[in-house]
Amino acid sequence: MSSSEIEIILPAFLAGLLILSTHVPFGREILARGIIFIDLAIAQIAALGVIIAFAIDIHEGWQMQIAAGSAALTGAVALYWAERLWPDVQEAVIGVAFVVASSLGLLLMANHPQGSEHLKDILTGQVLWVEFADLIPVAILYAIVLLLHHFLLKQENRLLFYLLFAVTITASVQLVGVYLVFASLILPALAVYRMSARVQQTAAYLLGGLGYMIGLLLASVLDLPAGPMIVIVLAVLSFSMLFIQRQ
């Protein structure tokens, strides 16, 4: 592998490790609560905020972040209240939120000359375009989120959980795209859920890091999109781990 390829892959791999730092604990919590598709719903709502900004010709980075964050926080509060109002059909409401946000995004981009390319970037991400400077604000944000998650969520504050999750997902979608956000949350958590609680988190981090490393290397060697490749590798590793645990 050439030095130029390493210079591209290294920040992408560090971005993956950053994503996993928050998504592994959130993913285990989501799996335990049985609200699997909330990440897809909030990620898609955050993406809708980006699409709305793009549709009205807002292209500045900080303005896009505000649009995505505002949309995600609004969606998080709405889903929190939906949980309180209709707890018995919560997953159905989450699914509806996802498909409505997706459909609105498609409608807004239908007649835009760059609409299809923009939608593709939001879904599959551009992780290989990540630079070291892009990771600094995300690292600071994730550190704050992890501290709040550790110290405040012990109070079982559901609204705080939704808000922290929305903030995290907003940054993650901008960094790696909707599909990789979902895969990073659910697949490592799914792979280790049968393990002892003592080792679950460590095993999930190791599996996730390995998935990002192999996925990035394969994408580079085969000249294929990195985001979808990492998703496939994470899925293969996770289900392989599940099969091994059946023995």
# chains A, B, ... in the order shown; residues from 1 in each chain; ligands from 1
$ select_by_dssp --residues "segment 27-210 of chain A" --states "alpha helix (DSSP H)" --output "PyMOL selection string"
chain A and resi 27-33+38-55+61-85+90-109+115-124+132-152+158-176+178-192+197-210
$ residues_around --residues "segment 126-133 of chain A" --least-positions-apart "6" --cutoff "10 Å" --atoms "only C-alpha atoms" --output "list in words"
Glu5, Glu7, Ile8, Ile9, Leu10, Pro11, Ala12, Phe13, Leu14, Ala15, Gly16, Lys120, Gln174, Leu175, Val176, Gly177, Leu180, Leu216, Ala219, Ser220, Pro225, Ala226 and Gly227 of chain A
$ write_last_selection --atoms "C-alpha atoms" --output "CSV table (one decimal), in the first residue's frame"
chain,number,residue,atom,x,y,z
A,5,GLU,CA,-3.3,5.5,0.3
A,7,GLU,CA,-2.8,9.1,4.2
A,8,ILE,CA,-6.4,8.6,3.0
A,9,ILE,CA,-7.2,5.4,5.0
A,10,LEU,CA,-5.8,6.5,8.3
A,11,PRO,CA,-8.2,9.5,9.0
A,12,ALA,CA,-11.1,7.3,7.8
A,13,PHE,CA,-10.1,4.6,10.2
A,14,LEU,CA,-9.8,7.1,13.1
A,15,ALA,CA,-13.2,8.4,12.1
A,16,GLY,CA,-14.5,4.9,12.5
A,120,LYS,CA,-26.3,9.0,-2.2
A,174,GLN,CA,-22.3,14.1,8.5
A,175,LEU,CA,-19.2,12.0,9.0
A,176,VAL,CA,-20.0,8.5,7.6
A,177,GLY,CA,-23.6,8.5,6.3
A,180,LEU,CA,-22.8,3.1,8.3
A,216,LEU,CA,-11.4,0.2,4.3
A,219,ALA,CA,-12.5,-0.8,-0.5
A,220,SER,CA,-9.0,0.6,-1.3
A,225,PRO,CA,-17.2,2.6,-2.1
A,226,ALA,CA,-15.8,2.4,1.5
A,227,GLY,CA,-19.1,3.0,3.4
$ residues_around --residues "Ala46 of chain A" --least-positions-apart "4" --cutoff "8 Å" --atoms "only C-alpha atoms" --output "ChimeraX atom specification"
/A:42,50,67-72,169-170,173
$ residues_around --residues "Val93 of chain A" --least-positions-apart "3" --cutoff "10 Å" --atoms "only C-alpha atoms" --output "VMD selection string"
chain A and resid 38 41 79 82 to 83 86 to 90 96 to 98
$ closest_residue --among "A:Val77, A:Val24, A:Leu48, A:Leu234" --to "Ala166 of chain A" --atoms "only C-alpha atoms"
A:Val77
$ atom_distance --atom1 "atom CA of Gly211 of chain A" --atom2 "atom CA of Tyr179 of chain A"
14.3 Å
